[in-house]
Structures are given as C-alpha cells and as structure tokens.
file input-v8.csv (CSV, C-alpha atoms (C1' of nucleotides))
chain,number,residue,atom,x,y,z
H,19,MET,CA,-70.6,209.6,96.1
H,20,HIS,CA,-73.8,211.0,94.8
H,21,GLY,CA,-74.1,212.9,91.5
H,22,TYR,CA,-74.1,216.5,92.9
H,23,GLN,CA,-71.1,215.8,95.1
H,24,LEU,CA,-69.3,214.1,92.2
H,25,ASN,CA,-69.8,217.2,90.1
H,26,ARG,CA,-68.7,219.5,93.0
H,27,GLU,CA,-65.5,217.6,93.6
H,28,LEU,CA,-64.7,217.5,89.9
H,29,SER,CA,-65.2,221.2,89.6
H,30,GLU,CA,-63.0,221.8,92.6
H,31,GLN,CA,-60.2,219.6,91.3
H,32,LEU,CA,-60.5,220.5,87.6
H,33,GLY,CA,-62.3,223.9,87.9
H,34,GLY,CA,-62.2,225.7,84.6
H,35,LEU,CA,-60.4,222.9,82.8
H,36,SER,CA,-63.3,220.5,82.5
H,37,ARG,CA,-66.9,220.8,83.4
H,38,VAL,CA,-69.8,218.5,83.0
H,39,SER,CA,-73.5,219.5,82.9
H,40,TYR,CA,-76.1,217.6,84.9
H,41,GLY,CA,-77.8,216.8,81.6
H,42,SER,CA,-74.8,214.7,80.9
H,43,LEU,CA,-73.9,213.6,84.4
H,44,TYR,CA,-77.1,211.9,85.5
H,45,PRO,CA,-77.7,210.0,82.3
H,46,SER,CA,-74.0,208.9,82.4
H,47,LEU,CA,-74.4,207.6,85.9
H,48,ARG,CA,-77.4,205.5,84.9
H,49,ARG,CA,-75.6,204.3,81.8
H,50,LEU,CA,-72.6,203.3,83.9
H,51,GLU,CA,-74.8,201.4,86.3
H,52,ARG,CA,-76.5,199.6,83.4
H,53,GLN,CA,-73.0,198.6,82.2
H,54,GLY,CA,-72.0,197.3,85.7
H,55,ALA,CA,-69.3,199.9,86.2
H,56,ILE,CA,-71.0,201.4,89.3
H,57,THR,CA,-73.7,200.4,91.8
H,58,SER,CA,-76.2,202.7,93.2
H,59,GLU,CA,-77.9,202.8,96.6
H,60,PRO,CA,-80.6,205.1,97.7
H,61,GLY,CA,-79.7,207.2,100.8
H,62,THR,CA,-81.3,210.0,102.7
H,63,THR,CA,-80.1,213.0,104.8
H,64,GLY,CA,-83.2,213.9,106.7
H,65,ALA,CA,-86.0,214.0,104.1
H,66,ARG,CA,-83.6,214.8,101.3
H,67,ARG,CA,-82.9,211.9,99.0
H,68,LYS,CA,-79.5,211.1,97.6
H,69,THR,CA,-78.5,208.3,95.3
H,70,VAL,CA,-75.1,207.1,96.4
H,71,TYR,CA,-72.9,205.5,93.8
H,72,ALA,CA,-69.9,203.2,94.3
H,73,ILE,CA,-67.4,202.0,91.7
H,74,THR,CA,-67.2,198.3,91.0
H,75,SER,CA,-64.0,196.3,90.0
H,76,GLU,CA,-65.4,196.2,86.5
H,77,GLY,CA,-65.7,200.0,86.7
H,78,GLU,CA,-62.1,200.3,87.8
H,79,ARG,CA,-61.1,198.2,84.8
H,80,LEU,CA,-63.2,200.3,82.5
H,81,PHE,CA,-61.7,203.5,84.0
H,82,LEU,CA,-58.1,202.4,83.3
H,83,GLU,CA,-59.1,201.2,79.8
H,84,LEU,CA,-60.6,204.6,79.0
H,85,LEU,CA,-57.7,206.3,80.6
H,86,GLU,CA,-55.0,204.6,78.5
H,87,GLU,CA,-56.8,204.3,75.2
H,88,THR,CA,-55.3,206.5,72.5
H,89,PRO,CA,-58.1,207.3,70.2
H,90,GLN,CA,-58.0,208.8,66.7
H,91,GLU,CA,-57.4,212.5,66.6
H,92,ASN,CA,-60.9,213.9,66.7
H,93,GLN,CA,-62.7,217.1,67.6
H,94,THR,CA,-62.8,216.4,71.3
H,95,GLU,CA,-59.3,215.0,71.9
H,96,ASP,CA,-57.8,218.3,73.2
H,97,ALA,CA,-60.2,218.3,76.1
H,98,ARG,CA,-60.0,214.5,76.6
H,99,PHE,CA,-56.3,214.6,76.8
H,100,ARG,CA,-56.5,217.2,79.6
H,101,VAL,CA,-58.8,214.9,81.6
H,102,ARG,CA,-56.5,212.0,81.0
H,103,LEU,CA,-53.5,213.9,82.3
H,104,ALA,CA,-55.5,215.0,85.4
H,105,PHE,CA,-55.7,211.3,86.2
H,106,PHE,CA,-52.2,210.3,85.2
H,107,ARG,CA,-51.3,209.1,88.7
H,108,TYR,CA,-53.5,206.0,88.1
H,109,LEU,CA,-51.3,204.9,85.1
H,110,PRO,CA,-48.0,203.2,85.2
H,111,PRO,CA,-45.0,205.3,84.1
H,112,GLU,CA,-44.4,203.5,80.8
H,113,THR,CA,-48.0,204.2,79.8
H,114,ARG,CA,-47.7,207.8,80.8
H,115,VAL,CA,-44.7,208.3,78.6
H,116,ARG,CA,-46.4,206.4,75.7
H,117,LEU,CA,-49.4,208.7,75.9
H,118,LEU,CA,-47.4,211.8,76.2
H,119,GLU,CA,-45.3,210.9,73.2
H,120,ARG,CA,-48.4,210.0,71.2
H,121,ARG,CA,-50.0,213.3,72.1
H,122,ARG,CA,-46.8,215.1,71.1
H,123,ALA,CA,-46.7,213.4,67.7
H,124,ALA,CA,-50.3,214.4,67.1
H,125,LEU,CA,-49.5,218.0,67.9
H,126,GLU,CA,-46.4,217.9,65.7
H,127,THR,CA,-48.6,216.8,62.8
H,128,ARG,CA,-51.0,219.7,63.6
H,129,LEU,CA,-48.1,222.1,63.8
H,130,ALA,CA,-46.8,221.0,60.4
H,131,ASP,CA,-50.3,221.7,59.0
H,132,PHE,CA,-50.3,225.2,60.4
H,133,LYS,CA,-46.9,225.9,59.0
H,134,ALA,CA,-47.9,224.6,55.6
H,135,HIS,CA,-51.0,226.7,55.7
H,136,LEU,CA,-49.1,229.8,56.6
H,137,ARG,CA,-46.6,229.1,53.9
H,138,ASP,CA,-48.9,227.9,51.1
H,139,ALA,CA,-52.3,229.4,51.5
H,140,ASP,CA,-52.8,232.8,49.9
H,141,THR,CA,-54.6,234.2,52.8
H,142,THR,CA,-54.8,238.0,52.5
H,143,ASP,CA,-57.1,238.2,55.5
H,144,ASP,CA,-55.1,239.7,58.4
H,145,TYR,CA,-57.3,238.2,61.1
H,146,GLN,CA,-57.1,234.7,59.7
H,147,ARG,CA,-53.3,235.0,59.4
H,148,ALA,CA,-53.1,236.2,63.0
H,149,LEU,CA,-55.3,233.3,64.1
H,150,PHE,CA,-53.0,230.8,62.4
H,151,GLU,CA,-49.9,232.4,63.7
H,152,HIS,CA,-51.2,232.4,67.2
H,153,ALA,CA,-52.3,228.7,66.8
H,154,ARG,CA,-48.8,227.9,65.6
H,155,ALA,CA,-47.2,229.5,68.6
H,156,GLY,CA,-49.6,227.9,71.0
H,157,THR,CA,-49.0,224.4,69.5
H,158,GLU,CA,-45.3,224.9,69.7
H,159,SER,CA,-45.7,225.9,73.3
H,160,ASP,CA,-47.8,222.8,73.9
H,161,ILE,CA,-45.2,220.6,72.3
H,162,ALA,CA,-42.4,222.1,74.4
H,163,TRP,CA,-44.5,221.5,77.5
H,164,LEU,CA,-45.1,217.9,76.6
H,165,THR,CA,-41.4,217.4,75.9
H,166,GLU,CA,-40.6,218.7,79.4
H,167,LEU,CA,-43.2,216.4,80.9
H,168,ILE,CA,-41.7,213.5,79.1
H,169,ARG,CA,-38.2,214.4,80.2
H,170,SER,CA,-39.3,214.8,83.8
H,171,GLU,CA,-41.1,211.5,83.6
H,172,ARG,CA,-38.1,209.7,82.3
H,173,LEU,CA,-35.8,211.2,85.0
H,174,LYS,CA,-38.2,210.2,87.7
H,175,TYR,CA,-38.5,206.6,86.6
H,176,GLU,CA,-35.5,206.0,84.4
H,177,ILE,CA,-37.7,204.8,81.5
H,178,THR,CA,-35.9,203.6,78.4
H,179,ALA,CA,-36.4,205.9,75.4
H,180,PRO,CA,-37.8,204.3,72.2
H,181,VAL,CA,-35.0,202.9,69.9
H,182,GLY,CA,-35.3,205.7,67.4
H,183,GLU,CA,-34.6,208.3,70.0
H,184,ARG,CA,-31.7,206.7,71.9
H,185,ARG,CA,-29.1,208.6,69.9
H,186,ARG,CA,-30.4,211.8,71.4
H,187,ALA,CA,-30.2,210.4,74.9
H,188,SER,CA,-27.4,211.6,77.2
H,189,ALA,CA,-24.5,209.4,78.2
H,190,THR,CA,-25.9,209.3,81.8
H,191,LEU,CA,-29.3,208.3,80.6
H,192,ARG,CA,-27.9,205.7,78.4
H,193,ARG,CA,-25.8,204.2,81.2
H,194,LYS,CA,-28.9,204.0,83.4
H,195,GLU,CA,-30.8,202.2,80.6
H,196,HIS,CA,-28.2,199.6,80.6
H,197,THR,CA,-27.8,199.1,84.3
H,198,SER,CA,-31.4,199.4,85.4
U,11,MET,CA,-72.2,226.8,46.7
U,12,HIS,CA,-73.2,223.3,47.4
U,13,GLY,CA,-72.5,221.5,50.7
U,14,TYR,CA,-69.4,219.6,49.8
U,15,GLN,CA,-67.8,222.6,48.2
U,16,LEU,CA,-68.7,224.8,51.3
U,17,ASN,CA,-67.0,222.3,53.6
U,18,ARG,CA,-64.0,222.1,51.3
U,19,GLU,CA,-63.6,225.9,51.2
U,20,LEU,CA,-64.0,226.1,54.9
U,21,SER,CA,-61.4,223.5,55.5
U,22,GLU,CA,-59.0,225.3,53.2
U,23,GLN,CA,-59.5,228.6,54.8
U,24,LEU,CA,-59.7,227.5,58.4
U,25,GLY,CA,-58.0,224.0,58.1
U,26,GLY,CA,-57.3,222.6,61.5
U,27,LEU,CA,-58.9,225.5,63.3
U,28,SER,CA,-62.5,224.7,62.8
U,29,ARG,CA,-64.0,221.7,61.1
U,30,VAL,CA,-67.6,220.7,60.6
U,31,SER,CA,-68.9,217.2,60.0
U,32,TYR,CA,-71.4,216.4,57.3
U,33,GLY,CA,-73.7,215.1,60.0
U,34,SER,CA,-73.9,218.8,61.1
U,35,LEU,CA,-73.5,220.5,57.7
U,36,TYR,CA,-76.4,219.1,55.7
U,37,PRO,CA,-79.0,219.3,58.5
U,38,SER,CA,-77.8,222.9,59.1
U,39,LEU,CA,-78.3,223.8,55.4
U,40,ARG,CA,-81.8,222.5,55.6
U,41,ARG,CA,-82.5,224.4,58.8
U,42,LEU,CA,-81.1,227.6,57.3
U,43,GLU,CA,-83.3,227.2,54.3
U,44,ARG,CA,-86.3,226.6,56.5
U,45,GLN,CA,-85.4,229.9,58.3
U,46,GLY,CA,-85.1,231.8,55.0
U,47,ALA,CA,-81.4,232.5,55.4
U,48,ILE,CA,-80.5,230.6,52.2
U,49,THR,CA,-82.2,229.3,49.1
U,50,SER,CA,-81.5,226.0,47.4
U,51,GLU,CA,-81.6,225.1,43.8
U,52,PRO,CA,-81.0,221.6,42.4
U,53,GLY,CA,-78.2,221.5,39.9
U,54,THR,CA,-76.3,218.8,38.0
U,55,THR,CA,-72.9,218.3,36.6
U,56,GLY,CA,-73.3,215.4,34.2
U,57,ALA,CA,-75.3,212.8,36.0
U,58,ARG,CA,-74.1,214.0,39.4
U,59,ARG,CA,-76.6,215.9,41.4
U,60,LYS,CA,-75.7,218.9,43.4
U,61,THR,CA,-77.8,221.2,45.6
U,62,VAL,CA,-76.6,224.7,45.1
U,63,TYR,CA,-77.3,227.1,47.9
U,64,ALA,CA,-77.3,230.9,47.9
U,65,ILE,CA,-77.5,233.3,50.8
U,66,THR,CA,-80.5,235.7,51.1
U,67,SER,CA,-80.5,239.2,52.5
U,68,GLU,CA,-82.1,237.8,55.6
U,69,GLY,CA,-79.2,235.3,55.7
U,70,GLU,CA,-76.7,238.2,55.6
U,71,ARG,CA,-78.5,239.9,58.4
U,72,LEU,CA,-78.5,236.7,60.4
U,73,PHE,CA,-74.8,236.2,59.6
U,74,LEU,CA,-73.9,239.6,61.0
U,75,GLU,CA,-76.1,239.1,64.0
U,76,LEU,CA,-74.5,235.8,64.9
U,77,LEU,CA,-71.0,237.3,64.2
U,78,GLU,CA,-71.4,240.2,66.6
U,79,GLU,CA,-73.4,238.6,69.4
U,80,THR,CA,-71.4,238.2,72.6
U,81,PRO,CA,-72.9,235.2,74.3
U,82,GLN,CA,-72.4,234.0,77.8
U,83,GLU,CA,-69.1,232.2,78.5
U,84,ASN,CA,-70.0,228.6,77.7
U,85,GLN,CA,-68.2,225.4,76.9
U,86,THR,CA,-68.0,226.1,73.2
U,87,GLU,CA,-67.0,229.8,73.3
U,88,ASP,CA,-63.3,229.3,72.7
U,89,ALA,CA,-64.0,227.6,69.3
U,90,ARG,CA,-66.7,230.1,68.5
U,91,PHE,CA,-64.5,233.1,69.1
U,92,ARG,CA,-62.0,231.7,66.7
U,93,VAL,CA,-64.6,231.4,64.0
U,94,ARG,CA,-65.8,235.0,64.8
U,95,LEU,CA,-62.3,236.3,64.4
U,96,ALA,CA,-61.9,234.5,61.1
U,97,PHE,CA,-64.8,236.6,59.7
U,98,PHE,CA,-63.8,239.8,61.5
U,99,ARG,CA,-63.4,241.6,58.1
U,100,TYR,CA,-67.2,241.7,57.8
U,101,LEU,CA,-67.6,243.7,61.0
U,102,PRO,CA,-67.1,247.4,61.5
U,103,PRO,CA,-63.9,248.4,63.5
U,104,GLU,CA,-65.8,249.5,66.6
U,105,THR,CA,-67.5,246.2,66.9
U,106,ARG,CA,-64.2,244.4,66.4
U,107,VAL,CA,-62.6,246.3,69.3
U,108,ARG,CA,-65.7,245.7,71.5
U,109,LEU,CA,-65.6,241.9,70.8
U,110,LEU,CA,-61.9,241.7,71.4
U,111,GLU,CA,-62.2,243.6,74.7
U,112,ARG,CA,-65.1,241.4,75.8
U,113,ARG,CA,-63.1,238.3,75.0
U,114,ARG,CA,-60.1,239.6,76.9
U,115,ALA,CA,-62.2,240.4,79.9
U,116,ALA,CA,-63.6,236.8,79.8
U,117,LEU,CA,-60.0,235.4,79.7
U,118,GLU,CA,-58.9,237.6,82.5
U,119,THR,CA,-61.7,236.2,84.7
U,120,ARG,CA,-60.5,232.7,83.7
U,121,LEU,CA,-56.9,233.6,84.4
U,122,ALA,CA,-57.9,234.9,87.9
U,123,ASP,CA,-59.6,231.5,88.5
U,124,PHE,CA,-56.5,229.6,87.5
U,125,LYS,CA,-54.3,231.7,89.7
U,126,ALA,CA,-56.7,231.4,92.7
U,127,HIS,CA,-56.8,227.6,92.2
U,128,LEU,CA,-53.0,227.4,92.1
U,129,ARG,CA,-52.8,229.5,95.2
U,130,ASP,CA,-55.6,228.0,97.3
U,131,ALA,CA,-56.4,224.4,96.2
U,132,ASP,CA,-54.3,221.9,98.1
U,133,THR,CA,-53.5,219.9,95.0
U,134,THR,CA,-50.7,217.5,95.7
U,135,ASP,CA,-51.0,215.9,92.3
U,136,ASP,CA,-48.1,217.0,90.1
U,137,TYR,CA,-50.0,216.4,86.8
U,138,GLN,CA,-53.0,218.5,87.8
U,139,ARG,CA,-50.6,221.2,89.0
U,140,ALA,CA,-48.7,221.1,85.7
U,141,LEU,CA,-52.0,221.2,83.8
U,142,PHE,CA,-53.2,224.3,85.7
U,143,GLU,CA,-49.8,226.0,85.4
U,144,HIS,CA,-49.8,225.4,81.6
U,145,ALA,CA,-53.4,226.6,81.3
U,146,ARG,CA,-52.4,229.8,83.2
U,147,ALA,CA,-49.5,230.4,80.9
U,148,GLY,CA,-51.6,229.8,77.8
U,149,THR,CA,-54.3,232.1,79.0
U,150,GLU,CA,-51.8,234.8,79.7
U,151,SER,CA,-50.4,234.4,76.2
U,152,ASP,CA,-53.9,234.6,74.8
U,153,ILE,CA,-54.6,237.8,76.7
U,154,ALA,CA,-51.3,239.4,75.5
U,155,TRP,CA,-52.3,238.4,71.9
U,156,LEU,CA,-55.7,240.0,72.2
U,157,THR,CA,-54.1,243.1,73.7
U,158,GLU,CA,-51.9,243.4,70.7
U,159,LEU,CA,-54.8,242.8,68.3
U,160,ILE,CA,-56.7,245.6,70.1
U,161,ARG,CA,-53.8,247.9,69.9
U,162,SER,CA,-53.3,247.2,66.2
U,163,GLU,CA,-57.0,247.7,65.6
U,164,ARG,CA,-57.0,251.1,67.4
U,165,LEU,CA,-53.9,252.3,65.5
U,166,LYS,CA,-55.4,251.3,62.2
U,167,TYR,CA,-58.7,253.1,62.7
U,168,GLU,CA,-58.0,255.5,65.5
U,169,ILE,CA,-60.7,254.3,67.7
U,170,THR,CA,-61.4,256.0,71.0
U,171,ALA,CA,-60.5,254.0,74.0
U,172,PRO,CA,-63.1,253.4,76.7
U,173,VAL,CA,-63.1,256.1,79.3
U,174,GLY,CA,-61.6,253.9,82.0
U,175,GLU,CA,-58.6,253.1,79.9
U,176,ARG,CA,-57.8,256.6,78.6
U,177,ARG,CA,-55.2,257.2,81.4
U,178,ARG,CA,-53.1,254.4,80.0
U,179,ALA,CA,-53.3,255.7,76.4
U,180,SER,CA,-50.2,257.3,75.0
U,181,ALA,CA,-49.9,261.0,74.4
U,182,THR,CA,-50.0,260.4,70.7
U,183,LEU,CA,-53.1,258.4,70.9
U,184,ARG,CA,-54.8,260.9,73.2
U,185,ARG,CA,-54.1,263.7,70.7
U,186,LYS,CA,-55.6,261.6,67.9
U,187,GLU,CA,-58.7,261.0,70.0
U,188,HIS,CA,-59.1,264.7,70.4
U,189,THR,CA,-58.4,265.7,66.8
U,190,SER,CA,-60.3,262.9,65.0
R,1,DT,C1',-93.2,233.8,112.6
R,2,DC,C1',-92.9,233.8,108.2
R,3,DG,C1',-90.8,234.6,103.9
R,4,DT,C1',-87.4,234.3,100.8
R,5,DC,C1',-82.8,233.6,99.3
R,6,DG,C1',-79.2,230.6,98.0
R,7,DC,C1',-77.4,226.0,98.2
R,8,DT,C1',-78.1,221.1,97.8
R,9,DA,C1',-80.0,217.4,94.9
R,10,DT,C1',-82.1,214.9,91.0
R,11,DA,C1',-84.3,214.8,86.7
R,12,DT,C1',-85.9,215.7,81.9
R,13,DC,C1',-86.3,218.1,77.5
R,14,DG,C1',-85.1,220.0,72.9
R,15,DA,C1',-81.6,221.2,70.0
R,16,DG,C1',-77.6,220.2,68.1
R,17,DC,C1',-73.0,218.1,66.9
R,18,DC,C1',-70.0,214.2,66.0
R,19,DG,C1',-68.3,210.1,63.9
R,20,DA,C1',-69.7,206.2,61.3
R,21,DT,C1',-71.8,204.5,57.6
R,22,DA,C1',-74.4,204.0,53.1
R,23,DT,C1',-74.9,205.1,48.4
R,24,DA,C1',-73.6,206.7,44.0
R,25,DT,C1',-70.9,209.3,40.4
R,26,DC,C1',-66.7,210.5,38.4
R,27,DG,C1',-61.8,210.8,36.5
R,28,DA,C1',-57.4,208.9,36.4
R,29,DA,C1',-54.2,205.6,36.7
R,30,DC,C1',-52.6,200.9,36.0
E,30,DG,C1',-61.5,197.1,32.5
E,31,DT,C1',-61.1,197.8,37.0
E,32,DT,C1',-59.8,199.6,40.9
E,33,DC,C1',-58.9,203.7,43.6
E,34,DG,C1',-59.6,208.1,45.5
E,35,DA,C1',-62.2,212.3,45.2
E,36,DT,C1',-66.8,214.3,44.7
E,37,DA,C1',-71.5,214.6,46.6
E,38,DT,C1',-75.6,213.9,49.7
E,39,DA,C1',-77.9,211.7,53.4
E,40,DT,C1',-79.1,209.5,57.8
E,41,DC,C1',-78.4,207.2,62.2
E,42,DG,C1',-77.2,206.5,67.1
E,43,DG,C1',-75.1,208.3,70.9
E,44,DC,C1',-73.9,211.9,73.4
E,45,DT,C1',-73.5,216.8,75.3
E,46,DC,C1',-75.2,221.1,76.4
E,47,DG,C1',-78.0,224.7,78.5
E,48,DA,C1',-82.5,225.5,80.2
E,49,DT,C1',-85.8,224.4,83.1
E,50,DA,C1',-88.6,222.0,86.8
E,51,DT,C1',-89.1,220.3,91.4
E,52,DA,C1',-88.2,220.1,96.2
E,53,DG,C1',-85.7,220.0,100.8
E,54,DC,C1',-82.7,222.7,103.3
E,55,DG,C1',-80.3,226.4,106.5
E,56,DA,C1',-79.8,231.1,107.5
E,57,DC,C1',-81.1,235.7,107.9
E,58,DG,C1',-83.9,239.5,108.5
E,59,DA,C1',-88.7,241.9,108.6

call {"tool": "encode", "arguments": {"input": "input-v8.csv", "output": "structure tokens"}}
result
Amino acid sequence: MHGYQLNRELSEQLGGLSRVSYGSLYPSLRRLERQGAITSEPGTTGARRKTVYAITSEGERLFLELLEETPQENQTEDARFRVRLAFFRYLPPETRVRLLERRRAALETRLADFKAHLRDADTTDDYQRALFEHARAGTESDIAWLTELIRSERLKYEITAPVGERRRASATLRRKEHTS
Amino acid sequence: MHGYQLNRELSEQLGGLSRVSYGSLYPSLRRLERQGAITSEPGTTGARRKTVYAITSEGERLFLELLEETPQENQTEDARFRVRLAFFRYLPPETRVRLLERRRAALETRLADFKAHLRDADTTDDYQRALFEHARAGTESDIAWLTELIRSERLKYEITAPVGERRRASATLRRKEHTS
DNA sequence: TCGTCGCTATATCGAGCCGATATATCGAAC
DNA sequence: GTTCGATATATCGGCTCGATATAGCGACGA
C-alpha cells in the first residue's frame, strides 16, 4: 500500500476512533523503512507517482511486539488500547485475555482514584464535581464492558482463569478447565 | 504560585482528569511570561530557589478568551473540553450554555458517524464492532449528560432557549422566558 | 475548449507535548 | 549520619498535530 491509501483504509476501518495526520504518517513510514520493518518501491499510475510499501517479516514481528506490549499507564494509553483492541484478531487468545485483564486493572485503579477524590476532596465547584462523577460512571461502564469481553473470550476459547479468580468461576467452567 | 505548586494544585483539583508534564509546564510558563500573561519573581525558601509567578490583567483576558473559544473539532478537543468545564465558574451563564450546546452538537455528529459506520461498514471483526458499539454507547451517555447539564444551567439562570428549541420547552419554562 | 473544483498523493514546517533524565535542597525517619 | 521521598527547576529527544505547498487527475459545466 501507499501512504494515502493506508490512511484511507485506516479511516474507513477505525473512522472516528483513531486518526493519523500526514505529518505523522509519512515520517513514520520513512522511519519504519529505516528500521527494516517495511520496504518501499516507487510506482506510478499514469504520471502520478506513488510510493508503495510492503511489510517485512521483521515488520510483522515488530507489529506483534507493539501489539502485545503492556506499557506503563500514560497519557496516551486510552487511545492506544483502542488501537490494540482493533487488531486483537492478530493475537492469540491467552494474550488477549491478559491484555484485557491488565487494562481492567488499570481502570480499576483509576476508578478508585475518582471515588477517593469524590469522597475526600473538598470540591465546592459543581462543574468539577459533575466532571468527576461523569468520569466515575464512564470508568465503571468501561470496566463492565471489559469484564464482558473477558467473559466472552473465555467462553469462546475455554481459557483458564488466573488462580486468584478460580473461586469465582462457575462449576461448568471449572470442569472445562480440568478436562481441556 | 511557582511551577511545582501550580502542578500540585492542578493535580489535586483535576487529579486523573488532566495532567501536565514538567516538560510542558516550565516552557509554558516562560512562553506566557514572554506574552505578558504572567510575571515572574525569583523567591527563596531557605536556600531553595523558587520562581513565583503572578497573572496579569492581560493574562486574565487571555484566560477567558481561551476558555470561551470554541475551536474546530480536533484530536485534543475531548480533553480540552474537560478542562474548560472545570473552569466553567469563570464564565457567564449564557456562554456556559452556548459551549455546552456546541459540544453536544459535536458529539451528535460523532454519534451519527458511529451509527452510520455500524450500519454500513462490512466489519466482520468482532473486536472492531465491539469497539464501535461501546463508543456509540459512551457518546450517547455523554450527550445525555450534557443535556442534563444544559437543563440544570437553564433552570438555575432561566436562560432563554434558542428559537429552534422553544417548541420542546416546558410550559413553565416558556412562561419564565416571557416574564423574565 | 477551457477552467475550476474536488479528490488523489506526497512532503515539510513550526509549535507544542510527553516521558525521561539531571541536578539540587529539604525534612523526617531510622 | 545517612538514606529516602518530597520539593523544585530545567532540558532533551522523539513524536504528533494542523497548516500549508505542490501537483496530477477526472468530471462537469460555461
């Protein structure tokens, strides 16, 4: 694919959810080529030039590495997680569950912070209080959503729950863990 | 205030919701001083140096200008809106309602995009579908939240609704519009 | 026939933010 | 005494964004 096409396909698949500017895209493509993750080949359609890129095996390795890495909670991790999830089909089920659980744990920490803030901080400002209350509700909704994704993933692939959570597993699930 | 203190107060008030790194904060303070929005004065506590900043009247003007400007929908507007709302108390009620309505309109556009995508795009990928469905639900929740904030703001200050929305206003509210 | 409009396609620039890191002071705790 | 964590400022590299420039292209109408 060439850059413009790449951006168009990305916008079509992830429209609204994740966009990239050309000021990032083209330098990224050159960087990836320098790193050996992609190769480029000049092509033309009529008089219009295109630079057609192809992923290398090193690039596929890097893609999977970036996809399954679980970085520190930072400013950009919300958006990054969305992109990760959009490409979940490329990860093995165990890794999916691990990433979902790690994400949920991070959100639970965040939720606890919001609750503590609503309880402790002497915020008299109505708007700030509304902001925190809405953030709390949104985070709880995100956590419930992740819990459902994890449940659905386990049902599909009969993944063993971590030891600490086995007590909460159903009898059916526990039997499957033993027999599979 | 000095930089470190500024960051601490900001984290305490908006913890989790908006953080700023020192790599942004200190350059920002110098930029603001260059622009005449703040003044700096070197101070010390014992042997420890501090640079104490104070806002100027030009800075207050700039603050309000930044607070009430309604920029194009861009990548960072979600976070920016949260910060705006956190400082809503500094804006007059009419401006608050105007900003809330503009924000809601932007989210309604986004919601329509999500719905169109879920309807039209031939996404066979379960994770991408789940992502869009969750984004749709979250956006609807945000819109309902904004609607409630607008309603509450109108009740508090008896603001006149835009002409196009008067039909939906309650009899009570309509009477108040006429009598106030 | 020509103009111009919007889409395709690549590229670069300045401004700005982040995360990491460096440096140094300080109080408290052990 | 020293070590630890909080206070305090600063800078760097890497990266993104949004704006802008350039140019080929098809389609449509004046």

call {"tool": "interface_residues", "arguments": {"input": "input-v8.csv", "of": "chain H", "to": "chain U", "cutoff": "9 Å", "atoms": "only C-alpha atoms", "output": "PyMOL selection string"}}
result
chain H and resi 30-37+93+100+103-107+128+131-132+135+139+141+143-150+152-153+156+159-160+163+167

call {"tool": "atom_distance", "arguments": {"input": "input-v8.csv", "atom1": "C1' of DT25 (chain R)", "atom2": "C1' of DG30 (chain E)"}}
result
17.3 Å

call {"tool": "closest_residue", "arguments": {"input": "input-v8.csv", "among": "U:Thr157, U:Thr49, U:Thr66, U:Asn84", "to": "chain E", "atoms": "only C-alpha atoms (C1' of nucleotides)"}}
result
U:Asn84

call {"tool": "residues_around", "arguments": {"input": "input-v8.csv", "residues": "Tyr175 (chain H)", "least_positions_apart": "5", "cutoff": "9 Å", "atoms": "all atoms listed in the file", "output": "list in words"}}
result
Pro111, Glu112 and Ser170 of chain H

call {"tool": "interface_residues", "arguments": {"input": "input-v8.csv", "of": "chain U", "to": "chain E", "cutoff": "10 Å", "atoms": "only C-alpha atoms (C1' of nucleotides)", "output": "compact mmCIF listing (two decimals) with C-alpha atoms, keeping the file's coordinate frame"}}
result
# COMPACT_ATOMS: atom_id res chain seq x y z
CA HIS U 12 -73.20 223.30 47.40
CA GLY U 13 -72.50 221.50 50.70
CA TYR U 14 -69.40 219.60 49.80
CA GLN U 15 -67.80 222.60 48.20
CA TYR U 32 -71.40 216.40 57.30
CA GLY U 33 -73.70 215.10 60.00
CA TYR U 36 -76.40 219.10 55.70
CA PRO U 37 -79.00 219.30 58.50
CA ARG U 58 -74.10 214.00 39.40
CA ARG U 59 -76.60 215.90 41.40
CA LYS U 60 -75.70 218.90 43.40
CA THR U 61 -77.80 221.20 45.60
CA ASN U 84 -70.00 228.60 77.70
CA GLN U 85 -68.20 225.40 76.90
CA THR U 86 -68.00 226.10 73.20

call {"tool": "build_atoms", "arguments": {"input": "input-v8.csv", "residues": "region 19-30 of chain H", "atoms": "N, CA and C atoms", "output": "PDB file, keeping the file's coordinate frame"}}
result
ATOM      1  N   MET H  19     -70.193 208.176  96.337  1.00  0.00           N
ATOM      2  CA  MET H  19     -70.600 209.600  96.100  1.00  0.00           C
ATOM      3  C   MET H  19     -71.921 209.659  95.392  1.00  0.00           C
ATOM      4  N   HIS H  20     -72.600 210.764  95.577  1.00  0.00           N
ATOM      5  CA  HIS H  20     -73.800 211.000  94.800  1.00  0.00           C
ATOM      6  C   HIS H  20     -73.460 212.049  93.692  1.00  0.00           C
ATOM      7  N   GLY H  21     -74.372 212.156  92.724  1.00  0.00           N
ATOM      8  CA  GLY H  21     -74.100 212.900  91.500  1.00  0.00           C
ATOM      9  C   GLY H  21     -73.652 214.379  91.792  1.00  0.00           C
ATOM     10  N   TYR H  22     -74.395 215.059  92.606  1.00  0.00           N
ATOM     11  CA  TYR H  22     -74.100 216.500  92.900  1.00  0.00           C
ATOM     12  C   TYR H  22     -72.706 216.622  93.489  1.00  0.00           C
ATOM     13  N   GLN H  23     -72.416 215.762  94.441  1.00  0.00           N
ATOM     14  CA  GLN H  23     -71.100 215.800  95.100  1.00  0.00           C
ATOM     15  C   GLN H  23     -69.976 215.503  94.144  1.00  0.00           C
ATOM     16  N   LEU H  24     -70.233 214.510  93.267  1.00  0.00           N
ATOM     17  CA  LEU H  24     -69.300 214.100  92.200  1.00  0.00           C
ATOM     18  C   LEU H  24     -68.929 215.344  91.375  1.00  0.00           C
ATOM     19  N   ASN H  25     -69.963 216.071  90.983  1.00  0.00           N
ATOM     20  CA  ASN H  25     -69.800 217.200  90.100  1.00  0.00           C
ATOM     21  C   ASN H  25     -69.018 218.333  90.894  1.00  0.00           C
ATOM     22  N   ARG H  26     -69.330 218.497  92.155  1.00  0.00           N
ATOM     23  CA  ARG H  26     -68.700 219.500  93.000  1.00  0.00           C
ATOM     24  C   ARG H  26     -67.190 219.201  93.123  1.00  0.00           C
ATOM     25  N   GLU H  27     -66.888 217.952  93.439  1.00  0.00           N
ATOM     26  CA  GLU H  27     -65.500 217.600  93.600  1.00  0.00           C
ATOM     27  C   GLU H  27     -64.705 217.721  92.300  1.00  0.00           C
ATOM     28  N   LEU H  28     -65.364 217.350  91.207  1.00  0.00           N
ATOM     29  CA  LEU H  28     -64.700 217.500  89.900  1.00  0.00           C
ATOM     30  C   LEU H  28     -64.448 218.930  89.580  1.00  0.00           C
ATOM     31  N   SER H  29     -65.405 219.801  89.882  1.00  0.00           N
ATOM     32  CA  SER H  29     -65.200 221.200  89.600  1.00  0.00           C
ATOM     33  C   SER H  29     -64.108 221.793  90.506  1.00  0.00           C
ATOM     34  N   GLU H  30     -64.033 221.320  91.741  1.00  0.00           N
ATOM     35  CA  GLU H  30     -63.000 221.800  92.600  1.00  0.00           C
ATOM     36  C   GLU H  30     -61.602 221.389  92.162  1.00  0.00           C
TER      37      GLU H  30
END
